[in-house]
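Source file: start_13.cif (mmCIF, C-alpha atoms)
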```cif
data_run
#
loop_
_atom_site.label_atom_id
_atom_site.label_comp_id
_atom_site.auth_asym_id
_atom_site.auth_seq_id
_atom_site.Cartn_x
_atom_site.Cartn_y
_atom_site.Cartn_z
CA MET A 1 14.01 -7.75 -29.90
CA SER A 2 11.13 -5.37 -29.12
CA HIS A 3 11.87 -2.72 -26.53
CA LEU A 4 10.45 -3.59 -23.13
CA VAL A 5 9.29 -0.92 -20.70
CA ARG A 6 11.29 -1.24 -17.49
CA THR A 7 8.84 -1.54 -14.59
CA PRO A 8 9.72 -1.22 -10.89
CA ILE A 9 9.37 -4.98 -10.49
CA THR A 10 11.83 -5.50 -13.33
CA GLN A 11 14.25 -3.21 -11.51
CA ALA A 12 13.75 -5.10 -8.23
CA LEU A 13 14.48 -8.42 -9.92
CA GLU A 14 17.47 -7.10 -11.84
CA GLU A 15 18.97 -5.61 -8.69
CA GLY A 16 18.61 -8.93 -6.92
CA ALA A 17 16.33 -7.48 -4.25
CA LEU A 18 14.03 -10.41 -4.90
CA THR A 19 14.03 -13.62 -6.84
CA ARG A 20 11.15 -14.46 -9.14
CA ARG A 21 10.22 -17.35 -6.83
CA GLU A 22 10.09 -15.08 -3.79
CA LEU A 23 8.09 -12.52 -5.74
CA LYS A 24 5.64 -15.22 -6.83
CA ALA A 25 5.07 -16.19 -3.19
CA PHE A 26 4.59 -12.56 -2.13
CA MET A 27 2.20 -11.92 -5.05
CA SER A 28 -0.07 -14.79 -4.07
CA ARG A 29 -3.65 -13.49 -3.86
CA SER A 30 -6.58 -14.28 -1.64
CA ASP A 31 -10.02 -12.85 -0.87
CA GLY A 32 -9.85 -13.74 2.84
CA PRO A 33 -7.58 -11.01 4.27
CA ALA A 34 -9.51 -8.21 2.55
CA LEU A 35 -12.88 -9.62 3.62
CA ILE A 36 -11.70 -9.87 7.23
CA ARG A 37 -10.35 -6.32 7.15
CA LEU A 38 -13.53 -5.11 5.48
CA ALA A 39 -15.59 -6.61 8.31
CA GLY A 40 -13.46 -4.68 10.80
CA TRP A 41 -13.78 -1.63 8.60
CA LEU A 42 -17.59 -1.77 8.71
CA ILE A 43 -17.52 -2.12 12.50
CA VAL A 44 -15.28 0.96 12.79
CA LEU A 45 -17.49 2.92 10.38
CA SER A 46 -20.60 1.93 12.37
CA MET A 47 -18.94 3.12 15.58
CA THR A 48 -17.88 6.49 14.15
CA THR A 49 -21.31 6.96 12.52
CA PHE A 50 -22.97 6.21 15.86
CA ALA A 51 -20.66 8.70 17.57
CA ILE A 52 -21.91 11.46 15.27
CA TRP A 53 -25.54 10.47 15.81
CA ALA A 54 -25.07 10.37 19.59
CA SER A 55 -23.33 13.75 19.68
CA LEU A 56 -25.63 15.73 17.37
CA GLY A 57 -26.67 18.96 19.07
CA THR A 58 -23.60 18.99 21.32
CA GLY A 59 -20.06 20.33 20.85
CA TRP A 60 -18.81 16.74 20.65
CA VAL A 61 -20.20 16.44 17.16
CA ILE A 62 -17.16 18.29 15.76
CA PRO A 63 -14.52 15.78 16.97
CA ALA A 64 -16.91 12.93 16.14
CA MET A 65 -17.26 14.15 12.56
CA PHE A 66 -13.50 14.63 12.31
CA VAL A 67 -12.75 11.07 13.46
CA HIS A 68 -15.45 9.71 11.13
CA GLY A 69 -13.93 11.81 8.34
CA VAL A 70 -10.48 10.37 8.97
CA VAL A 71 -11.93 6.88 8.50
CA LEU A 72 -13.90 7.95 5.42
CA VAL A 73 -10.91 9.47 3.62
CA HIS A 74 -9.03 6.22 4.19
CA HIS A 75 -11.35 4.64 1.62
CA PHE A 76 -8.62 5.97 -0.61
CA SER A 77 -6.32 3.27 0.73
CA LEU A 78 -8.71 0.47 -0.16
CA GLN A 79 -9.39 2.04 -3.55
CA HIS A 80 -5.66 2.27 -4.15
CA GLU A 81 -5.26 -1.42 -3.33
CA CYS A 82 -8.16 -2.25 -5.65
CA CYS A 83 -6.68 -0.26 -8.54
CA HIS A 84 -3.71 -2.63 -8.40
CA TYR A 85 -6.12 -5.61 -8.32
CA THR A 86 -4.40 -6.83 -5.18
CA ALA A 87 -7.07 -6.31 -2.50
CA PHE A 88 -9.12 -9.30 -3.63
CA LYS A 89 -8.15 -12.37 -5.59
CA THR A 90 -11.51 -12.14 -7.36
CA ARG A 91 -10.77 -9.52 -9.96
CA TRP A 92 -14.26 -8.03 -10.30
CA ALA A 93 -14.46 -7.55 -6.53
CA ASN A 94 -11.61 -5.04 -6.86
CA ASP A 95 -13.60 -3.10 -9.44
CA VAL A 96 -16.75 -3.09 -7.28
CA ALA A 97 -14.96 -2.06 -4.07
CA GLY A 98 -12.79 0.47 -5.90
CA ASN A 99 -15.81 2.17 -7.46
CA ILE A 100 -17.69 2.33 -4.14
CA CYS A 101 -14.65 3.88 -2.45
CA GLY A 102 -14.30 6.29 -5.37
CA LEU A 103 -17.88 7.49 -4.93
CA ILE A 104 -17.31 8.05 -1.21
CA ILE A 105 -14.23 10.23 -1.73
CA MET A 106 -15.02 11.55 -5.24
CA LEU A 107 -12.12 9.84 -6.94
CA PRO A 108 -13.12 8.26 -10.29
CA ASN A 109 -11.85 4.71 -10.06
CA ARG A 110 -10.85 3.96 -13.63
CA PHE A 111 -9.22 7.33 -14.16
CA PHE A 112 -7.33 6.99 -10.89
CA ARG A 113 -6.17 3.55 -11.95
CA TYR A 114 -4.44 4.87 -15.06
CA GLU A 115 -3.10 7.96 -13.34
CA HIS A 116 -1.71 5.86 -10.52
CA CYS A 117 -0.08 3.27 -12.78
CA ASP A 118 1.74 6.12 -14.49
CA HIS A 119 2.83 7.40 -11.08
CA HIS A 120 4.42 3.99 -10.50
CA THR A 121 6.17 4.17 -13.86
CA HIS A 122 7.57 7.68 -13.38
CA THR A 123 7.77 8.07 -9.59
CA GLN A 124 9.15 11.46 -8.49
CA ILE A 125 10.13 12.54 -12.01
CA HIS A 126 9.16 16.16 -12.67
CA GLY A 127 6.86 16.53 -15.65
CA LYS A 128 6.17 12.81 -15.82
CA ASP A 129 4.91 11.67 -12.42
CA THR A 130 1.16 12.24 -12.62
CA GLU A 131 0.76 12.30 -8.85
CA ILE A 132 3.88 14.14 -7.80
CA ILE A 133 3.37 16.46 -4.81
CA GLU A 134 6.02 19.13 -5.15
CA MET A 135 8.20 19.81 -2.12
CA PRO A 136 6.77 23.01 -0.55
CA GLN A 137 9.25 25.88 -0.78
CA SER A 138 7.75 27.76 2.15
CA TYR A 139 5.66 27.14 5.26
CA LYS A 140 2.79 28.90 3.47
CA GLU A 141 2.90 26.35 0.61
CA TYR A 142 3.14 23.51 3.14
CA TRP A 143 0.04 24.60 5.05
CA LEU A 144 -1.85 25.45 1.88
CA TYR A 145 -1.35 21.90 0.60
CA LEU A 146 -2.40 20.44 3.93
CA SER A 147 -5.58 22.53 3.88
CA SER A 148 -6.66 20.32 0.94
CA TYR A 149 -7.86 23.36 -1.00
CA PRO A 150 -5.51 22.73 -3.98
CA TYR A 151 -6.48 19.04 -3.93
CA TRP A 152 -10.24 19.64 -4.03
CA LYS A 153 -9.84 22.37 -6.63
CA ALA A 154 -7.92 19.98 -8.89
CA LYS A 155 -10.37 17.13 -8.32
CA PHE A 156 -13.50 19.21 -8.96
CA SER A 157 -12.02 20.68 -12.16
CA GLU A 158 -10.95 17.22 -13.31
CA LEU A 159 -14.42 15.72 -12.72
CA TRP A 160 -16.15 18.65 -14.42
CA ARG A 161 -13.76 18.48 -17.38
CA HIS A 162 -14.36 14.78 -17.88
CA PHE A 163 -18.11 15.25 -17.36
CA LYS A 164 -18.06 17.71 -20.27
CA GLY A 165 -16.25 15.10 -22.38
CA HIS A 166 -12.85 16.72 -22.39
CA LEU A 167 -9.52 15.05 -21.66
CA THR A 168 -6.44 17.24 -21.52
CA PRO A 169 -3.19 16.35 -23.30
CA ALA A 170 -1.85 15.52 -19.83
CA ASP A 171 -4.71 13.05 -19.26
CA LYS A 172 -4.11 11.53 -22.69
CA ARG A 173 -0.51 10.82 -21.76
CA PHE A 174 -1.60 7.99 -19.50
CA VAL A 175 -5.22 7.16 -20.40
CA PRO A 176 -5.21 4.64 -23.25
CA ARG A 177 -7.11 5.85 -26.31
CA GLU A 178 -9.59 2.99 -26.08
CA GLU A 179 -10.52 4.14 -22.56
CA TYR A 180 -11.33 7.81 -23.31
CA SER A 181 -15.08 7.21 -23.44
CA THR A 182 -14.98 5.08 -20.27
CA ILE A 183 -13.32 7.95 -18.38
CA ILE A 184 -15.91 10.43 -19.65
CA TRP A 185 -18.88 8.20 -18.79
CA GLU A 186 -17.37 7.37 -15.43
CA ALA A 187 -17.37 11.09 -14.58
CA ARG A 188 -20.92 11.50 -15.83
CA LEU A 189 -22.16 8.56 -13.77
CA MET A 190 -20.43 9.95 -10.69
CA VAL A 191 -22.02 13.35 -11.15
CA ALA A 192 -25.39 11.63 -11.70
CA PHE A 193 -24.90 9.72 -8.44
CA TYR A 194 -24.19 12.92 -6.50
CA LEU A 195 -27.22 14.62 -8.07
CA ILE A 196 -29.41 11.67 -7.06
CA VAL A 197 -28.12 11.90 -3.48
CA PHE A 198 -28.86 15.64 -3.53
CA ALA A 199 -32.35 15.09 -4.94
CA LEU A 200 -33.13 12.40 -2.37
CA SER A 201 -31.86 14.66 0.41
CA VAL A 202 -34.19 17.43 -0.76
CA TYR A 203 -37.11 15.05 -1.22
CA PHE A 204 -36.74 13.52 2.23
CA GLN A 205 -35.69 16.87 3.72
CA THR A 206 -32.61 15.37 5.38
CA PHE A 207 -29.11 16.67 6.04
CA ALA A 208 -27.79 13.16 6.71
CA ALA A 209 -25.50 13.16 3.68
CA LEU A 210 -23.91 16.37 4.95
CA TRP A 211 -23.44 15.31 8.58
CA TYR A 212 -22.39 11.71 8.00
CA TRP A 213 -20.52 11.98 4.72
CA LEU A 214 -19.65 15.23 2.97
CA ILE A 215 -18.62 17.46 5.88
CA PRO A 216 -16.62 14.64 7.56
CA VAL A 217 -14.82 13.90 4.27
CA VAL A 218 -13.84 17.57 3.95
CA MET A 219 -12.74 17.63 7.61
CA GLY A 220 -10.72 14.41 7.23
CA GLU A 221 -9.03 15.17 3.92
CA PRO A 222 -6.17 17.21 5.45
CA VAL A 223 -5.17 14.06 7.34
CA MET A 224 -5.07 12.12 4.07
CA ARG A 225 -3.09 14.93 2.44
CA ALA A 226 -0.62 14.78 5.33
CA ILE A 227 -0.27 11.01 4.90
CA ARG A 228 0.08 11.22 1.12
CA MET A 229 2.86 13.78 1.61
CA THR A 230 4.85 11.32 3.71
CA GLU A 231 5.12 8.88 0.79
CA HIS A 232 7.45 10.91 -1.44
CA VAL A 233 7.63 14.61 -0.50
CA GLY A 234 11.11 15.57 0.61
CA ARG A 235 12.67 12.49 -0.91
CA PRO A 236 15.02 12.87 -3.93
CA THR A 237 13.29 13.49 -7.25
CA VAL A 238 15.21 10.77 -9.05
CA ALA A 239 14.27 7.47 -10.69
CA ASP A 240 15.74 5.38 -7.89
CA MET A 241 13.24 3.62 -5.69
CA LYS A 242 15.81 3.02 -3.00
CA THR A 243 15.68 6.73 -2.25
CA ASN A 244 12.67 8.40 -3.90
CA THR A 245 10.02 6.76 -1.73
CA ARG A 246 9.58 6.77 2.03
CA SER A 247 8.14 3.94 4.10
CA ASN A 248 6.84 4.90 7.52
CA ARG A 249 6.87 2.87 10.69
CA VAL A 250 3.44 3.51 12.19
CA GLY A 251 1.22 1.88 14.79
CA PRO A 252 -1.46 -0.76 14.20
CA VAL A 253 -4.37 1.70 14.02
CA TRP A 254 -2.77 3.60 11.13
CA ARG A 255 -1.72 0.34 9.45
CA PHE A 256 -5.33 -0.86 9.66
CA LEU A 257 -6.71 2.37 8.25
CA CYS A 258 -4.19 2.65 5.40
CA TRP A 259 -4.30 -1.03 4.41
CA ASN A 260 -0.55 -1.33 5.14
CA MET A 261 0.29 1.40 2.63
CA ASN A 262 2.74 2.84 5.15
CA TYR A 263 5.01 0.17 3.59
CA HIS A 264 5.11 2.48 0.63
CA ALA A 265 8.60 1.89 -0.68
CA GLU A 266 7.99 -1.86 -0.57
CA HIS A 267 4.75 -1.30 -2.48
CA HIS A 268 6.59 0.70 -5.13
CA TYR A 269 9.15 -2.03 -5.55
CA ALA A 270 6.52 -4.64 -6.22
CA ALA A 271 3.06 -3.18 -6.77
CA SER A 272 1.62 -6.61 -7.53
CA VAL A 273 2.17 -7.68 -3.92
CA PRO A 274 -1.11 -7.50 -1.93
CA PHE A 275 -1.42 -5.36 1.20
CA HIS A 276 -1.44 -8.39 3.52
CA ALA A 277 1.98 -9.53 2.25
CA LEU A 278 3.66 -6.13 2.60
CA PRO A 279 4.89 -6.63 6.19
CA ALA A 280 6.69 -9.82 5.06
CA LEU A 281 8.06 -8.07 1.98
CA SER A 282 9.25 -5.29 4.25
CA LYS A 283 11.35 -7.77 6.25
CA LYS A 284 12.82 -9.07 2.98
CA LEU A 285 13.72 -5.55 1.82
CA ASP A 286 14.90 -4.36 5.25
CA GLY A 287 17.88 -2.05 4.80
CA TYR A 288 17.39 -1.93 1.05
CA ILE A 289 14.74 0.78 0.92
CA TYR A 290 14.29 4.02 2.88
CA THR A 291 12.21 3.77 6.04
CA GLU A 292 11.30 6.64 8.35
CA PRO A 293 11.55 5.18 11.84
CA ASP A 294 9.46 7.94 13.43
CA GLY A 295 6.53 7.40 11.10
CA TYR A 296 4.28 10.11 9.73
CA LEU A 297 5.42 12.70 12.27
CA GLY A 298 9.06 11.97 11.53
CA ALA A 299 8.39 12.41 7.80
CA HIS A 300 6.79 15.81 8.39
CA LYS A 301 9.63 16.80 10.69
CA ASP A 302 11.97 15.97 7.79
CA MET A 303 9.91 18.08 5.35
CA LEU A 304 9.67 21.03 7.74
CA GLY A 305 13.41 20.83 8.33
CA GLN A 306 14.02 21.04 4.58
CA ILE A 307 11.63 24.00 4.26
CA LYS A 308 13.48 25.75 7.09
CA HIS A 309 16.69 25.51 5.07
CA THR A 310 15.20 26.61 1.74
CA SER A 311 12.52 29.07 2.83
CA PRO A 312 13.51 32.71 2.18
CA MET B 1 12.76 -13.93 -42.37
CA THR B 2 12.90 -17.72 -42.71
CA GLU B 3 9.91 -20.07 -42.49
CA PRO B 4 9.00 -21.02 -38.94
CA HIS B 5 10.69 -24.13 -37.68
CA TRP B 6 11.09 -25.90 -34.34
CA GLN B 7 13.79 -24.41 -32.19
CA ASP B 8 15.17 -25.49 -28.85
CA LEU B 9 14.09 -23.12 -26.07
CA ILE B 10 14.71 -24.32 -22.53
CA ALA B 11 14.83 -27.46 -20.39
CA LEU B 12 11.48 -28.32 -18.86
CA ASP B 13 12.98 -28.56 -15.39
CA ALA B 14 14.56 -25.12 -15.76
CA LEU B 15 11.12 -23.46 -15.78
CA GLU B 16 9.82 -21.66 -12.72
CA PRO B 17 7.26 -24.21 -11.51
CA ASP B 18 3.61 -23.10 -11.93
CA ASP B 19 4.86 -19.72 -13.07
CA VAL B 20 6.10 -17.73 -16.04
CA THR B 21 9.74 -17.86 -17.13
CA ALA B 22 11.48 -15.36 -19.40
CA VAL B 23 13.59 -16.82 -22.20
CA ALA B 24 15.52 -14.93 -24.88
CA LEU B 25 15.78 -16.60 -28.26
CA GLY B 26 17.43 -14.62 -31.05
CA ARG B 27 15.52 -11.36 -31.44
CA HIS B 28 12.60 -12.72 -29.43
CA ARG B 29 12.00 -12.33 -25.70
CA LEU B 30 9.53 -15.03 -24.87
CA ALA B 31 7.32 -15.82 -21.90
CA VAL B 32 7.04 -19.52 -21.16
CA TYR B 33 4.03 -20.43 -19.01
CA ASP B 34 3.84 -23.51 -16.84
CA GLY B 35 0.09 -23.29 -16.46
CA THR B 36 -2.85 -25.48 -15.55
CA ALA B 37 -3.34 -26.31 -19.25
CA GLY B 38 0.34 -27.24 -19.74
CA ILE B 39 3.17 -25.34 -21.35
CA SER B 40 2.48 -22.37 -23.60
CA VAL B 41 4.71 -19.68 -25.08
CA SER B 42 4.04 -16.05 -26.02
CA GLU B 43 5.92 -12.85 -26.78
CA ALA B 44 6.87 -11.37 -23.41
CA ARG B 45 5.94 -7.81 -24.40
CA CYS B 46 2.52 -6.53 -23.33
CA THR B 47 0.55 -5.49 -26.43
CA HIS B 48 -0.67 -2.36 -24.67
CA ALA B 49 2.32 -0.43 -23.36
CA GLY B 50 5.25 -2.77 -23.79
CA ALA B 51 5.96 -3.94 -20.24
CA ASP B 52 7.62 -7.28 -19.62
CA LEU B 53 4.83 -9.72 -18.83
CA CYS B 54 7.37 -12.09 -17.26
CA ASP B 55 7.39 -9.74 -14.25
CA GLY B 56 3.61 -9.94 -13.89
CA TYR B 57 1.31 -12.03 -11.77
CA PHE B 58 0.50 -15.46 -13.22
CA ASP B 59 -2.37 -17.47 -11.73
CA GLY B 60 -1.98 -20.56 -13.86
CA LYS B 61 -4.37 -19.39 -16.56
CA ALA B 62 -3.81 -15.70 -17.18
CA ILE B 63 -0.88 -13.32 -17.02
CA GLU B 64 -1.39 -9.84 -15.56
CA CYS B 65 0.77 -7.01 -16.85
CA PRO B 66 2.87 -5.46 -14.05
CA LEU B 67 2.34 -1.95 -15.44
CA HIS B 68 -1.40 -1.44 -16.03
CA GLN B 69 -2.82 -4.79 -14.91
CA ALA B 70 -4.05 -5.76 -18.36
CA LEU B 71 -4.86 -9.47 -18.45
CA PHE B 72 -4.16 -12.08 -21.12
CA ASP B 73 -5.20 -15.69 -21.52
CA CYS B 74 -1.97 -17.68 -21.62
CA VAL B 75 -3.25 -20.37 -23.97
CA SER B 76 -5.15 -18.36 -26.59
CA GLY B 77 -3.36 -15.03 -26.03
CA ARG B 78 -6.76 -13.28 -25.89
CA ALA B 79 -6.82 -9.91 -24.13
CA LEU B 80 -9.14 -10.42 -21.16
CA ALA B 81 -9.13 -6.97 -19.57
CA ALA B 82 -8.56 -3.33 -20.44
CA PRO B 83 -6.46 -1.55 -21.38
CA ALA B 84 -5.15 -4.32 -23.63
CA VAL B 85 -7.24 -4.96 -26.72
CA LYS B 86 -4.73 -6.69 -28.97
CA PRO B 87 -4.09 -10.38 -28.27
CA LEU B 88 -0.70 -11.69 -27.28
CA LYS B 89 1.33 -13.27 -30.04
CA MET B 90 1.40 -16.97 -29.13
CA TYR B 91 3.83 -19.56 -30.50
CA GLN B 92 3.28 -23.27 -30.87
CA SER B 93 5.38 -25.28 -28.45
CA ARG B 94 6.14 -28.93 -27.72
CA VAL B 95 8.22 -30.96 -25.29
CA ARG B 96 10.93 -33.25 -26.69
CA ASP B 97 13.26 -35.25 -24.42
CA GLY B 98 12.68 -32.95 -21.47
CA ARG B 99 13.23 -29.78 -23.48
CA ILE B 100 10.72 -27.25 -24.72
CA GLU B 101 10.78 -26.41 -28.40
CA VAL B 102 9.03 -23.53 -30.03
CA LEU B 103 7.91 -23.00 -33.62
CA LEU B 104 9.09 -19.62 -34.83
CA PRO B 105 11.19 -18.00 -37.54
CA LYS B 106 14.89 -17.61 -36.86
#
```

Entire entry expressed as structure tokens:
Amino acid sequence: MSHLVRTPITQALEEGALTRRELKAFMSRSDGPALIRLAGWLIVLSMTTFAIWASLGTGWVIPAMFVHGVVLVHHFSLQHECCHYTAFKTRWANDVAGNICGLIIMLPNRFFRYEHCDHHTHTQIHGKDTEIIEMPQSYKEYWLYLSSYPYWKAKFSELWRHFKGHLTPADKRFVPREEYSTIIWEARLMVAFYLIVFALSVYFQTFAALWYWLIPVVMGEPVMRAIRMTEHVGRPTVADMKTNTRSNRVGPVWRFLCWNMNYHAEHHYAASVPFHALPALSKKLDGYIYTEPDGYLGAHKDMLGQIKHTSP
Amino acid sequence: MTEPHWQDLIALDALEPDDVTAVALGRHRLAVYDGTAGISVSEARCTHAGADLCDGYFDGKAIECPLHQALFDCVSGRALAAPAVKPLKMYQSRVRDGRIEVLLPK
């Protein structure tokens, strides 16, 4: 019999966490929930955009841009859902939405898809997990990561590398050979898009892209870095999903913004389950996976506590 | 390897209704689909990276790989979406007296 790769879902089924019939029900897809959330999303974006416009020329523009930025960086959450093809039942809608989100936050959609799938295969395994965020060994490392500087540095170098037509051996570990050219052309199209925005801004002599998009994204990214850290950082670096991933109990505003990705351990158990079914899956897996009752702040308290014990 | 011949696989009523069911037969791990076009049978291993398609999402027509979301037509075996490019190996099947039989070498 050919060797089968053991996926997280396989593990969940083998461990009896779920039956195939239950999984089938949870995996059921629909366009409705994402369209409804997207409508709410556009309303929120309109409100935060208006807040910037209304506060231009006053000191209030700084908090307005920050709040707008926090919403903008959460396009990552929708893109993440789309890369699993679980946001929409209509498959191409996931590609369209994922690419739009990717342009907003400069995250190439197809490349992210492969990188992220590999993260699901090798979660928290050093040298294999493509998205692992190492546990900071000092407060300095912790704050440096939160500043987003290492993140942007990595993302800019990655985009530039792919734009030039180069994939590293690390990239080639998870990008299928037949997709190399797609990844390269994706980067080139993204760069072309940003150059067009720049050219239009110069032509129309407007700073709108800076005020309403780029600066807010940079201001909001530390919040996204902080949230991404809560998913795995500080959890054991072992191939056991019961312990290596952290779910966070958070309020409805955060759940809305992150498309229910606070149910992160549940998502890792069954990545084919759409965001709208994660609260129900969470009830099913209650007590089986690790949940941080105090949410994002509790997760960071945990990380800081661990740094306190290891920091020289 | 012997010539293909009809082999007993599984009782029809033992299948997951409207879903995919994993069945081991000799050295084969097979995926049995109860789809909109009837019963069909393929190798369970994704032709891209080797994940078990029986753990994927089945919508009645296509099976989605749980690892990289490659998509395959469950009747023809055709790869419908990247990263899979090779088709799924499909096996002829038939229903006899409430049991599914499959045509494959022993």

Test item: the PyMOL selection byres ((chain A) within 10 of (chain B)) resolved as a PyMOL selection string: chain A and resi 1-13+20-21+23-24+27-29+83-85+89+113-118+120-121+175-179+270-273

Could you state the separation of CA of His309 (chain A) and CA of Met135 (chain A) in Å, given to one decimal place?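 Those two atoms sit 12.5 Å apart.
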
With all atoms listed in the file as the counted atoms, please give the residues lying no more than 6 Å from region 229-237 of chain A, apart from itself and same-chain residues fewer than 4 positions off, as a PyMOL selection string. chain A and resi 124-125+135+244-246+299+303

Taken to one decimal, the CA of Asn248 (chain A)-CA of Glu292 (chain A) distance is 4.9 Å

Using only C-alpha atoms: which of A:Thr168, A:Lys308, A:Gly16, A:Leu195 has the shortest distance to Tyr142 (chain A): A:Lys308

Around region 152-170 of chain A, fit a box with edges along x, y and z, padding it by 5 Å on each side, then list its centre and edge lengths in Å to one decimal as JSON.
```
{"center_x": -10.0, "center_y": 18.6, "center_z": -13.7, "size_x": 26.3, "size_y": 17.6, "size_z": 29.3}
```

Using only C-alpha atoms, which protein or nucleic acid residues come within 6 Å of Leu71 (chain B)? Drop anything in the same chain fewer than 3 positions from it, and give the result as an MDAnalysis selection string. chainID B and resid 63:64 80:81

Result set, the PyMOL selection byres ((chain B and resi 98) around 8) on current file, as a PyMOL selection string: chain B and resi 11-13+95-97+99-100

Rounded to one decimal in Å, what is the spacing between CA of Gly77 (chain B) and CA of Thr36 (chain B)?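 Calculated distance between CA of Gly77 (chain B) and CA of Thr36 (chain B) is 14.8 Å.
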
Compute the distance from (-2.0, -3.3, 3.7) to each atom, counting only C-alpha atoms, keep the residues with any atom at most 7 Å away, and return them as a list of chain:residue names; use the coordinates of the file.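 Checking each residue against the 7 Å limit leaves A:Arg255, A:Cys258, A:Trp259, A:Asn260, A:Met261, A:Phe275, A:His276, A:Leu278.
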
Using the chain letters and numbers from the file, which residues does the PyMOL selection byres ((chain B and resi 75) around 8) grab, as a VMD selection string? chain B and resid 37 40 61 73 to 74 76 to 77 90

Take the residues from that selection and write them out as an mmCIF file, keeping the file's coordinate frame, keeping C-alpha atoms.
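Below is the file part_35.cif, written as the result:
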```cif
data_model
loop_
_atom_site.group_PDB
_atom_site.id
_atom_site.type_symbol
_atom_site.label_atom_id
_atom_site.label_comp_id
_atom_site.auth_asym_id
_atom_site.auth_seq_id
_atom_site.Cartn_x
_atom_site.Cartn_y
_atom_site.Cartn_z
ATOM 1 C CA ALA B 37 -3.340 -26.310 -19.250
ATOM 2 C CA SER B 40 2.480 -22.370 -23.600
ATOM 3 C CA LYS B 61 -4.370 -19.390 -16.560
ATOM 4 C CA ASP B 73 -5.200 -15.690 -21.520
ATOM 5 C CA CYS B 74 -1.970 -17.680 -21.620
ATOM 6 C CA SER B 76 -5.150 -18.360 -26.590
ATOM 7 C CA GLY B 77 -3.360 -15.030 -26.030
ATOM 8 C CA MET B 90 1.400 -16.970 -29.130
#
```

Judged by all atoms listed in the file, the minimum distance to Leu18 (chain A) among A:Tyr269, A:Tyr290, A:Ser147, A:Asp240 is found for A:Tyr269

Enumerate, as an mmCIF file with C-alpha atoms, in the frame of the given file, the protein, DNA and RNA residues whose atoms approach (-2.9, 15.8, -21.8) to within 12 Å, taking into account only C-alpha atoms and the coordinate frame of the file.
```
data_model
loop_
_atom_site.group_PDB
_atom_site.id
_atom_site.type_symbol
_atom_site.label_atom_id
_atom_site.label_comp_id
_atom_site.auth_asym_id
_atom_site.auth_seq_id
_atom_site.Cartn_x
_atom_site.Cartn_y
_atom_site.Cartn_z
ATOM 1 C CA GLU A 115 -3.100 7.960 -13.340
ATOM 2 C CA GLY A 127 6.860 16.530 -15.650
ATOM 3 C CA LYS A 128 6.170 12.810 -15.820
ATOM 4 C CA THR A 130 1.160 12.240 -12.620
ATOM 5 C CA GLU A 158 -10.950 17.220 -13.310
ATOM 6 C CA HIS A 166 -12.850 16.720 -22.390
ATOM 7 C CA LEU A 167 -9.520 15.050 -21.660
ATOM 8 C CA THR A 168 -6.440 17.240 -21.520
ATOM 9 C CA PRO A 169 -3.190 16.350 -23.300
ATOM 10 C CA ALA A 170 -1.850 15.520 -19.830
ATOM 11 C CA ASP A 171 -4.710 13.050 -19.260
ATOM 12 C CA LYS A 172 -4.110 11.530 -22.690
ATOM 13 C CA ARG A 173 -0.510 10.820 -21.760
ATOM 14 C CA PHE A 174 -1.600 7.990 -19.500
ATOM 15 C CA VAL A 175 -5.220 7.160 -20.400
ATOM 16 C CA PRO A 176 -5.210 4.640 -23.250
ATOM 17 C CA ARG A 177 -7.110 5.850 -26.310
ATOM 18 C CA TYR A 180 -11.330 7.810 -23.310
#
```

Would you pick out the contacts of Leu56 (chain A) at 12 Å or less, using all atoms listed in the file, so that residues sharing its chain but fewer than 4 positions from it are not included, and give the list as a ChimeraX atom specification? /A:49-52,60-65,207-208,211-212

Pick the closest to Trp143 (chain A) from A:Gly32, A:Gly251, A:Gly57, A:Pro222: which is it, counting only C-alpha atoms?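 Ranked by minimum distance to Trp143 (chain A), first place goes to A:Pro222.
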
So that I can check the surroundings of region 68-72 of chain A, please list as a PyMOL selection string every protein, DNA and RNA residue that reaches within 8 Å of it, counting all atoms listed in the file and ignoring chain neighbours fewer than 5 positions away. chain A and resi 45+48-49+52+104-105+212-213+215-221+223-224+257

Since we have the selection now, will you write its residues out, keeping C-alpha atoms, as a compact mmCIF listing (two decimals), keeping the file's coordinate frame?
```txt
# COMPACT_ATOMS: atom_id res chain seq x y z
CA LEU A 45 -17.49 2.92 10.38
CA THR A 48 -17.88 6.49 14.15
CA THR A 49 -21.31 6.96 12.52
CA ILE A 52 -21.91 11.46 15.27
CA ILE A 104 -17.31 8.05 -1.21
CA ILE A 105 -14.23 10.23 -1.73
CA TYR A 212 -22.39 11.71 8.00
CA TRP A 213 -20.52 11.98 4.72
CA ILE A 215 -18.62 17.46 5.88
CA PRO A 216 -16.62 14.64 7.56
CA VAL A 217 -14.82 13.90 4.27
CA VAL A 218 -13.84 17.57 3.95
CA MET A 219 -12.74 17.63 7.61
CA GLY A 220 -10.72 14.41 7.23
CA GLU A 221 -9.03 15.17 3.92
CA VAL A 223 -5.17 14.06 7.34
CA MET A 224 -5.07 12.12 4.07
CA LEU A 257 -6.71 2.37 8.25
```
